$ cat entry-v8.txt   # compact mmCIF, C-alpha atoms (C1' of nucleotides)
# COMPACT_ATOMS: atom_id res chain seq x y z
CA MET B 1 60.02 -108.73 -60.14
CA PRO B 2 58.21 -108.38 -56.86
CA ARG B 3 54.58 -109.00 -56.85
CA ALA B 4 52.19 -109.20 -59.72
CA PRO B 5 50.54 -105.82 -60.05
CA THR B 6 47.21 -105.96 -58.32
CA THR B 7 45.61 -103.79 -60.91
CA LEU B 8 46.03 -106.52 -63.43
CA ASP B 9 43.31 -109.01 -62.79
CA PRO B 10 40.25 -109.51 -60.63
CA PHE B 11 42.06 -111.99 -58.43
CA ASN B 12 44.45 -109.39 -57.23
CA ALA B 13 41.84 -106.74 -56.92
CA VAL B 14 39.72 -108.94 -54.73
CA ALA B 15 42.67 -110.07 -52.67
CA GLU B 16 42.43 -106.87 -50.72
CA PRO B 17 39.85 -107.27 -47.92
CA LYS B 18 38.76 -103.66 -48.10
CA ARG B 19 38.05 -104.06 -51.74
CA ARG B 20 35.83 -106.98 -50.98
CA GLU B 21 34.04 -104.79 -48.50
CA VAL B 22 33.53 -102.20 -51.16
CA LEU B 23 31.98 -104.76 -53.43
CA SER B 24 29.71 -105.99 -50.68
CA ALA B 25 28.69 -102.48 -49.80
CA LEU B 26 28.07 -101.80 -53.45
CA ALA B 27 25.86 -104.82 -53.68
CA ARG B 28 23.97 -103.92 -50.56
CA LEU B 29 23.31 -100.31 -51.33
CA GLY B 30 22.59 -101.07 -54.90
CA VAL B 31 19.46 -102.97 -54.08
CA ASP B 32 17.48 -99.81 -53.51
CA ARG B 33 19.04 -97.93 -56.34
CA GLN B 34 19.10 -99.96 -59.50
CA ASN B 35 22.52 -101.20 -58.44
CA GLU B 36 24.06 -97.83 -58.98
CA VAL B 37 25.62 -96.26 -55.93
CA PRO B 38 27.28 -92.86 -55.61
CA VAL B 39 30.64 -92.77 -53.90
CA ASN B 40 29.41 -90.77 -50.97
CA ASP B 41 26.92 -93.43 -50.03
CA LEU B 42 29.77 -95.89 -49.88
CA VAL B 43 31.78 -93.49 -47.79
CA ASP B 44 28.87 -93.11 -45.41
CA LEU B 45 28.36 -96.81 -45.07
CA LEU B 46 32.00 -97.81 -44.82
CA ARG B 47 33.09 -94.80 -42.79
CA TRP B 48 36.46 -94.61 -44.45
CA PRO B 49 38.16 -91.49 -45.71
CA GLN B 50 36.76 -90.59 -49.07
CA PRO B 51 40.05 -90.81 -50.97
CA GLN B 52 40.49 -94.34 -49.77
CA VAL B 53 37.12 -95.34 -51.09
CA SER B 54 37.82 -93.63 -54.36
CA LYS B 55 41.15 -95.32 -54.71
CA HIS B 56 39.75 -98.76 -54.11
CA LEU B 57 36.98 -98.04 -56.53
CA GLY B 58 39.63 -97.00 -58.98
CA VAL B 59 41.34 -100.36 -58.75
CA LEU B 60 38.08 -102.20 -59.07
CA ARG B 61 37.27 -100.11 -62.08
CA GLU B 62 40.60 -100.76 -63.73
CA VAL B 63 40.18 -104.48 -63.58
CA GLY B 64 36.60 -104.19 -64.69
CA LEU B 65 34.93 -105.35 -61.53
CA VAL B 66 32.81 -102.25 -61.40
CA ALA B 67 31.41 -99.81 -63.89
CA VAL B 68 30.93 -96.09 -63.48
CA ARG B 69 28.54 -93.60 -64.85
CA ARG B 70 28.26 -89.92 -64.30
CA ARG B 71 25.17 -88.28 -62.98
CA GLY B 72 25.72 -84.63 -62.40
CA ARG B 73 28.57 -84.19 -60.04
CA GLU B 74 28.43 -87.68 -58.71
CA ARG B 75 29.59 -90.99 -60.08
CA LEU B 76 27.39 -93.97 -59.85
CA TYR B 77 29.24 -97.20 -59.39
CA SER B 78 27.80 -100.58 -60.13
CA ILE B 79 29.13 -104.08 -59.92
CA ASN B 80 30.20 -105.72 -63.12
CA GLY B 81 29.73 -109.42 -62.65
CA ALA B 82 32.02 -110.59 -65.40
CA GLY B 83 35.22 -110.31 -63.45
CA LEU B 84 33.77 -111.99 -60.43
CA LYS B 85 32.51 -114.74 -62.62
CA THR B 86 36.06 -115.27 -63.80
CA ILE B 87 37.06 -116.04 -60.25
CA HIS B 88 33.99 -118.08 -59.61
CA ASP B 89 34.67 -120.17 -62.67
CA TRP B 90 38.29 -120.67 -61.85
CA THR B 91 37.58 -121.96 -58.40
CA ALA B 92 34.88 -124.16 -59.84
CA MET B 93 37.63 -126.11 -61.56
CA PHE B 94 38.47 -127.49 -58.17
CA ASP B 95 35.02 -128.19 -56.90
CA LYS B 96 35.82 -131.85 -56.78
CA PHE B 97 38.11 -131.09 -53.92
CA TRP B 98 35.35 -129.91 -51.68
CA THR B 99 32.24 -131.67 -52.89
CA HIS B 100 33.43 -134.89 -51.39
CA GLN B 101 36.46 -134.18 -49.41
CA LEU B 102 36.08 -136.68 -46.61
CA ASP B 103 33.81 -139.34 -47.98
CA ARG B 104 36.20 -140.56 -50.57
CA ILE B 105 37.65 -143.04 -48.14
CA LYS B 106 35.21 -145.74 -49.04
CA GLN B 107 34.79 -144.46 -52.52
CA HIS B 108 36.82 -147.02 -54.32
CA ALA B 109 34.06 -147.42 -56.82
CA GLU B 110 34.65 -148.45 -60.35
CA THR B 111 33.22 -145.30 -61.86
CA ALA B 112 36.07 -145.57 -64.26
CA ALA B 113 34.03 -144.07 -67.03
CA LYS B 114 35.36 -140.64 -66.25
CA SER B 115 38.27 -139.77 -68.41
CA SER B 116 37.92 -136.39 -70.01
CA THR B 117 37.29 -134.28 -66.98
CA GLY B 118 40.81 -132.95 -66.91
CA LEU B 119 40.73 -132.71 -63.18
CA PRO B 120 41.10 -135.39 -60.57
CA ASP B 121 38.64 -136.35 -57.98
CA GLY B 122 38.65 -137.30 -54.41
CA GLY B 123 41.00 -136.19 -51.73
CA SER B 124 44.22 -137.03 -50.04
CA ALA B 125 44.71 -140.37 -48.48
CA ASP B 126 46.23 -139.85 -45.08
CA ALA B 127 47.38 -136.31 -45.19
CA GLU B 128 48.76 -134.85 -42.05
CA ARG B 129 47.32 -131.77 -40.48
CA THR B 130 48.07 -128.51 -42.13
CA PRO B 131 47.48 -125.15 -40.46
CA GLY B 132 44.45 -124.57 -42.57
CA SER B 133 43.04 -121.18 -41.72
CA ALA B 134 40.59 -120.36 -44.38
CA ASN B 135 38.84 -117.08 -43.91
CA ALA B 136 37.12 -114.72 -46.19
CA ASP B 137 36.32 -111.52 -44.48
CA MET I 1 50.02 -100.40 -43.93
CA PRO I 2 50.71 -101.84 -47.34
CA ARG I 3 48.63 -104.71 -48.35
CA ALA I 4 47.09 -107.31 -46.18
CA PRO I 5 49.63 -110.09 -45.74
CA THR I 6 49.08 -112.61 -48.47
CA THR I 7 49.59 -115.46 -46.11
CA LEU I 8 46.40 -114.56 -44.37
CA ASP I 9 43.62 -115.85 -46.49
CA PRO I 10 43.01 -117.87 -49.64
CA PHE I 11 42.12 -114.76 -51.59
CA ASN I 12 45.56 -113.36 -51.25
CA ALA I 13 47.23 -116.68 -51.82
CA VAL I 14 45.40 -117.17 -55.05
CA ALA I 15 45.97 -113.63 -56.19
CA GLU I 16 49.42 -114.65 -57.30
CA PRO I 17 49.25 -116.13 -60.82
CA LYS I 18 52.06 -118.55 -60.18
CA ARG I 19 50.23 -119.89 -57.21
CA ARG I 20 47.24 -120.55 -59.34
CA GLU I 21 49.52 -122.41 -61.68
CA VAL I 22 50.77 -124.49 -58.82
CA LEU I 23 47.25 -125.43 -57.89
CA SER I 24 46.42 -126.34 -61.45
CA ALA I 25 49.56 -128.38 -61.76
CA LEU I 26 48.75 -130.04 -58.50
CA ALA I 27 45.32 -130.93 -59.75
CA ARG I 28 46.65 -132.21 -63.03
CA LEU I 29 49.43 -134.36 -61.70
CA GLY I 30 47.29 -135.59 -58.88
CA VAL I 31 45.04 -137.49 -61.22
CA ASP I 32 47.50 -140.30 -61.63
CA ARG I 33 48.67 -140.26 -58.05
CA GLN I 34 45.81 -140.21 -55.61
CA ASN I 35 45.98 -136.44 -55.73
CA GLU I 36 49.23 -136.47 -53.88
CA VAL I 37 52.13 -134.96 -55.74
CA PRO I 38 55.75 -134.72 -54.64
CA VAL I 39 57.41 -131.36 -55.04
CA ASN I 40 59.84 -132.54 -57.65
CA ASP I 41 57.05 -133.50 -59.97
CA LEU I 42 55.73 -130.00 -59.75
CA VAL I 43 59.19 -128.64 -60.40
CA ASP I 44 59.49 -130.83 -63.47
CA LEU I 45 56.15 -129.78 -64.83
CA LEU I 46 56.41 -126.09 -64.07
CA ARG I 47 60.10 -125.82 -64.83
CA TRP I 48 60.69 -123.26 -62.14
CA PRO I 49 63.56 -123.24 -59.69
CA GLN I 50 62.79 -125.60 -56.88
CA PRO I 51 62.91 -123.01 -54.10
CA GLN I 52 60.30 -120.99 -55.88
CA VAL I 53 57.98 -123.91 -56.05
CA SER I 54 58.58 -124.71 -52.42
CA LYS I 55 57.92 -121.16 -51.39
CA HIS I 56 54.67 -120.97 -53.23
CA LEU I 57 53.65 -124.27 -51.78
CA GLY I 58 54.53 -122.87 -48.40
CA VAL I 59 52.13 -120.01 -48.83
CA LEU I 60 49.41 -122.27 -50.10
CA ARG I 61 50.00 -124.50 -47.13
CA GLU I 62 49.85 -121.67 -44.64
CA VAL I 63 46.45 -120.58 -45.80
CA GLY I 64 45.25 -124.14 -45.93
CA LEU I 65 44.81 -124.43 -49.66
CA VAL I 66 46.98 -127.51 -49.77
CA ALA I 67 47.88 -130.28 -47.39
CA VAL I 68 51.19 -132.03 -47.04
CA ARG I 69 52.23 -135.46 -46.02
CA ARG I 70 55.63 -136.98 -45.70
CA ARG I 71 56.65 -140.08 -47.56
CA GLY I 72 60.25 -140.85 -47.01
CA ARG I 73 62.30 -137.89 -48.02
CA GLU I 74 59.63 -136.38 -50.16
CA ARG I 75 56.55 -134.39 -49.34
CA LEU I 76 53.32 -135.16 -51.01
CA TYR I 77 51.14 -132.17 -51.59
CA SER I 78 47.45 -132.32 -52.23
CA ILE I 79 44.77 -129.74 -52.78
CA ASN I 80 42.52 -128.88 -49.90
CA GLY I 81 39.25 -127.73 -51.36
CA ALA I 82 37.97 -125.87 -48.33
CA GLY I 83 39.86 -122.67 -48.95
CA LEU I 84 38.94 -122.62 -52.60
CA LYS I 85 35.36 -123.15 -51.66
CA THR I 86 35.57 -120.06 -49.51
CA ILE I 87 36.41 -118.05 -52.58
CA HIS I 88 33.87 -119.82 -54.67
CA ASP I 89 31.17 -119.09 -52.13
CA TRP I 90 32.12 -115.48 -51.76
CA THR I 91 31.95 -114.82 -55.45
CA ALA I 92 28.66 -116.66 -55.57
CA MET I 93 27.20 -113.83 -53.50
CA PHE I 94 27.38 -111.76 -56.63
CA ASP I 95 26.06 -114.24 -59.11
CA LYS I 96 23.07 -112.10 -59.84
CA PHE I 97 25.46 -109.66 -61.42
CA TRP I 98 26.40 -112.03 -64.12
CA THR I 99 23.43 -114.31 -64.40
CA HIS I 100 21.20 -111.60 -65.73
CA GLN I 101 22.58 -108.99 -68.00
CA LEU I 102 23.86 -105.79 -66.55
CA ASP I 103 23.02 -103.74 -69.56
CA ARG I 104 19.46 -104.19 -68.51
CA ILE I 105 20.25 -102.63 -65.20
CA LYS I 106 21.71 -99.60 -66.83
CA GLN I 107 18.70 -99.18 -69.02
CA HIS I 108 16.45 -99.27 -66.05
CA ALA I 109 18.55 -96.76 -64.20
CA GLU I 110 18.56 -94.42 -67.10
CA THR I 111 14.82 -94.41 -67.21
CA ALA I 112 14.53 -93.81 -63.49
CA ALA I 113 17.03 -90.99 -63.54
CA LYS I 114 14.80 -88.93 -65.75
CA SER I 115 12.21 -88.36 -63.11
CA SER I 116 14.14 -88.85 -59.93
CA THR I 117 13.68 -85.64 -57.91
CA GLY I 118 12.49 -83.32 -60.53
CA LEU I 119 15.99 -82.14 -61.19
CA PRO I 120 16.45 -81.05 -64.76
CA ASP I 121 18.73 -83.61 -66.19
CA GLY I 122 19.92 -81.74 -69.18
CA GLY I 123 20.84 -85.03 -70.74
CA SER I 124 24.44 -84.90 -69.59
CA ALA I 125 24.34 -88.23 -67.89
CA ASP I 126 26.62 -90.19 -70.06
CA ALA I 127 28.16 -93.42 -69.02
CA GLU I 128 31.89 -93.50 -69.13
CA ARG I 129 33.68 -96.46 -70.55
CA THR I 130 35.33 -98.75 -68.12
CA PRO I 131 38.45 -100.59 -69.25
CA GLY I 132 37.00 -103.91 -68.42
CA SER I 133 39.95 -106.02 -69.42
CA ALA I 134 39.66 -108.69 -66.85
CA ASN I 135 41.57 -111.81 -67.33
CA ALA I 136 43.08 -114.45 -65.20
CA ASP I 137 45.96 -116.43 -66.38
C1' DT U 1 32.30 -65.58 -61.34
C1' DT U 2 32.42 -67.43 -56.89
C1' DG U 3 31.54 -70.99 -53.86
C1' DA U 4 29.84 -75.36 -52.32
C1' DC U 5 29.69 -80.04 -53.34
C1' DA U 6 31.33 -84.73 -55.20
C1' DT U 7 35.01 -87.35 -56.45
C1' DA U 8 39.64 -88.28 -58.27
C1' DT U 9 44.58 -87.79 -58.14
C1' DT U 10 49.20 -86.85 -56.37
C1' DC U 11 52.94 -87.31 -53.06
C1' DC U 12 55.23 -89.58 -49.40
C1' DC U 13 56.17 -93.50 -46.46
C1' DA U 14 56.36 -97.94 -44.10
C1' DT U 15 55.66 -102.55 -45.29
C1' DT U 16 55.49 -106.38 -47.77
C1' DA U 17 55.92 -109.59 -51.66
C1' DC U 18 58.50 -112.04 -55.16
C1' DG U 19 62.58 -113.87 -57.37
C1' DG U 20 67.41 -115.49 -57.05
C1' DT U 21 71.09 -117.69 -54.79
C1' DA U 22 72.99 -120.05 -51.15
C1' DT U 23 72.36 -122.90 -47.44
C1' DA U 24 69.92 -125.74 -43.97
C1' DT U 25 67.22 -129.78 -42.65
C1' DA U 26 65.63 -134.41 -43.17
C1' DT U 27 65.84 -139.12 -45.07
C1' DT U 28 67.79 -143.10 -47.35
C1' DG U 29 71.70 -145.94 -48.64
C1' DG U 30 76.52 -147.68 -48.29
C1' DC J 1 79.59 -141.66 -40.44
C1' DC J 2 79.39 -139.78 -45.23
C1' DA J 3 77.17 -138.90 -49.55
C1' DA J 4 73.16 -138.26 -52.28
C1' DT J 5 68.48 -137.01 -52.67
C1' DA J 6 64.31 -134.16 -51.60
C1' DT J 7 62.64 -130.14 -49.89
C1' DA J 8 62.57 -126.02 -46.94
C1' DT J 9 64.45 -121.76 -45.26
C1' DA J 10 67.35 -117.48 -44.97
C1' DC J 11 69.06 -113.49 -46.90
C1' DC J 12 69.11 -109.77 -50.28
C1' DG J 13 67.39 -106.34 -53.58
C1' DT J 14 63.75 -104.35 -56.13
C1' DA J 15 59.22 -103.06 -56.99
C1' DA J 16 54.68 -102.29 -55.82
C1' DT J 17 51.14 -101.74 -52.27
C1' DG J 18 47.75 -99.22 -49.21
C1' DG J 19 47.03 -95.38 -46.00
C1' DG J 20 47.14 -90.39 -44.95
C1' DA J 21 47.03 -85.68 -46.15
C1' DA J 22 46.75 -82.28 -49.40
C1' DT J 23 45.20 -80.94 -53.67
C1' DA J 24 43.14 -81.11 -58.27
C1' DT J 25 39.19 -81.68 -61.32
C1' DG J 26 34.53 -81.33 -62.46
C1' DT J 27 29.72 -79.83 -61.69
C1' DC J 28 25.81 -77.35 -59.88
C1' DA J 29 23.78 -73.09 -57.86
C1' DA J 30 23.30 -68.22 -57.04
$ encode --input "entry-v8.txt" --output "structure tokens"
Amino acid sequence: MPRAPTTLDPFNAVAEPKRREVLSALARLGVDRQNEVPVNDLVDLLRWPQPQVSKHLGVLREVGLVAVRRRGRERLYSINGAGLKTIHDWTAMFDKFWTHQLDRIKQHAETAAKSSTGLPDGGSADAERTPGSANAD
Amino acid sequence: MPRAPTTLDPFNAVAEPKRREVLSALARLGVDRQNEVPVNDLVDLLRWPQPQVSKHLGVLREVGLVAVRRRGRERLYSINGAGLKTIHDWTAMFDKFWTHQLDRIKQHAETAAKSSTGLPDGGSADAERTPGSANAD
DNA sequence: TTGACATATTCCCATTACGGTATATATTGG
DNA sequence: CCAATATATACCGTAATGGGAATATGTCAA
């Protein structure tokens, strides 16, 4: 089994940079149009071949990240927040790892009352440098 | 060009379900160990072949989602929140799409469509169902 | 109906990812 | 040095990906 099919969950769908662009474009154009954007407007903004836009929209649709509606001969796409919230929530499980990543050195405090959080807190003691290239778009 | 190399950004790294499991396991085991977990402990918990665990850790390391430190012959891995925060922040850009109901948006659009450009609507603007099965792990 | 318009789908291809197995590298101990 | 432990890396095969081009489907207009 190679890779997990990207059309399976929002994580995979959003892993593709272009697909993130589509979502951003959708959000941007949607402001002036009740959040519903026809494909051609996306094509115009992104300047990609139309089939490519359609295909990415198809993936986003399959995982439920966007919704579609017909209006005449065009399809109006809109962002469906639920799937993105899934990702947002999942990453939130680790928020302790960035809220105080570097301060925890002196944080030896006896805040021992925490016990049912399920997730640890703090950072790594003297970790050595890791490549660490974190980029989003 | 197939997909963007998964070792490029946190989004791709986290797109793989197993890798999400690794991070969760890392978070869980880290509680009792200063957030630093040797590979073998992960292997024991996940019950995967060791090379698989190492490879996934390698990817996570390359994108900066985890940090490593040597202690004797073992390597202690710990979560690096920065990359996860990147994802968290990106999804947050869309929070308005889940904080207030999207059904409301559709309603609004429907109303507006009736008198958009004077085009006779004919009432054929029906929304098409989107699969919307979005789940993560 | 015919044609223009809007969008989706199909086919092909180069590339990449993942899993499995075997092996390499590093570290500690005798 | 040799063996054992801990982990990483290399190699292979399969499956799935995204892009491009061509085409299909659906809808409106005359």
$ interface_residues --input "entry-v8.txt" --of "chain J" --to "chain B" --cutoff "7 Å" --atoms "all atoms listed in the file" --output "PyMOL selection string"
chain J and resi 14-16+27
$ closest_residue --input "entry-v8.txt" --among "B:Val22, B:Val31, B:Leu8, B:Val43" --to "chain U" --atoms "only C-alpha atoms (C1' of nucleotides)"
B:Val43
$ closest_residue --input "entry-v8.txt" --among "I:Arg47, I:Arg69, I:Arg20, I:Arg33" --to "chain B" --atoms "all atoms listed in the file"
I:Arg69
$ closest_residue --input "entry-v8.txt" --among "I:Lys18, I:Asp44, I:Asp89, I:Gly64" --to "chain B" --atoms "all atoms listed in the file"
I:Gly64
$ residues_near_point --input "entry-v8.txt" --point "(42.9, -113.8, -56.3)" --cutoff "7 Å" --atoms "all atoms listed in the file" --output "ChimeraX atom specification"
/B:10-12,14-15 /I:11-16
$ write_last_selection --input "entry-v8.txt" --atoms "C-alpha atoms" --output "mmCIF file, keeping the file's coordinate frame"
data_model
loop_
_atom_site.group_PDB
_atom_site.id
_atom_site.type_symbol
_atom_site.label_atom_id
_atom_site.label_comp_id
_atom_site.auth_asym_id
_atom_site.auth_seq_id
_atom_site.Cartn_x
_atom_site.Cartn_y
_atom_site.Cartn_z
ATOM 1 C CA PRO B 10 40.250 -109.510 -60.630
ATOM 2 C CA PHE B 11 42.060 -111.990 -58.430
ATOM 3 C CA ASN B 12 44.450 -109.390 -57.230
ATOM 4 C CA VAL B 14 39.720 -108.940 -54.730
ATOM 5 C CA ALA B 15 42.670 -110.070 -52.670
ATOM 6 C CA PHE I 11 42.120 -114.760 -51.590
ATOM 7 C CA ASN I 12 45.560 -113.360 -51.250
ATOM 8 C CA ALA I 13 47.230 -116.680 -51.820
ATOM 9 C CA VAL I 14 45.400 -117.170 -55.050
ATOM 10 C CA ALA I 15 45.970 -113.630 -56.190
ATOM 11 C CA GLU I 16 49.420 -114.650 -57.300
#
$ atom_distance --input "entry-v8.txt" --atom1 "CA of Leu29 in chain I" --atom2 "CA of Ser78 in chain I"
9.9 Å
$ closest_atom_pairs --input "entry-v8.txt" --of "chain U" --to "chain I" --cutoff "9 Å" --atoms "all atoms listed in the file" --output "CSV"
residue,atom,partner,partner_atom,distance
U:DA14,C1',I:Met1,CA,6.8
U:DT15,C1',I:Pro2,CA,5.4
U:DT16,C1',I:Pro2,CA,6.6
U:DA17,C1',I:Thr6,CA,8.1
U:DG19,C1',I:Gln52,CA,7.6
U:DA26,C1',I:Arg73,CA,6.8
U:DT27,C1',I:Arg73,CA,4.8
U:DT28,C1',I:Arg73,CA,7.6
$ closest_residue --input "entry-v8.txt" --among "B:Leu23, B:His100, B:Gly58, B:Gly81" --to "chain I" --atoms "all atoms listed in the file"
B:Gly81
$ closest_residue --input "entry-v8.txt" --among "I:Trp98, I:Trp90, I:Tyr77, I:Trp48" --to "chain B" --atoms "all atoms listed in the file"
I:Trp98
$ atom_distance --input "entry-v8.txt" --atom1 "CA of Val59 in chain I" --atom2 "C1' of DC11 in chain J"
18.2 Å
$ atom_distance --input "entry-v8.txt" --atom1 "CA of Asp41 in chain I" --atom2 "CA of Glu62 in chain I"
20.7 Å
$ closest_residue --input "entry-v8.txt" --among "I:Ser24, I:Asn40, I:Leu45, I:Leu60" --to "DT5 in chain J" --atoms "only C-alpha atoms (C1' of nucleotides)"
I:Asn40
$ residues_around --input "entry-v8.txt" --residues "DA21 in chain J" --least-positions-apart "2" --cutoff "10 Å" --atoms "all atoms listed in the file" --output "list of chain:residue names"
B:Pro51, U:DC11, U:DC12, J:DG19, J:DT23
$ axis_aligned_box --input "entry-v8.txt" --around "range 10-29 of chain U" --padding-each-side "4 Å" --output "lines of an AutoDock Vina configuration file"
center_x = 61.1
center_y = -116.4
center_z = -50.0
size_x = 31.8
size_y = 67.1
size_z = 22.7
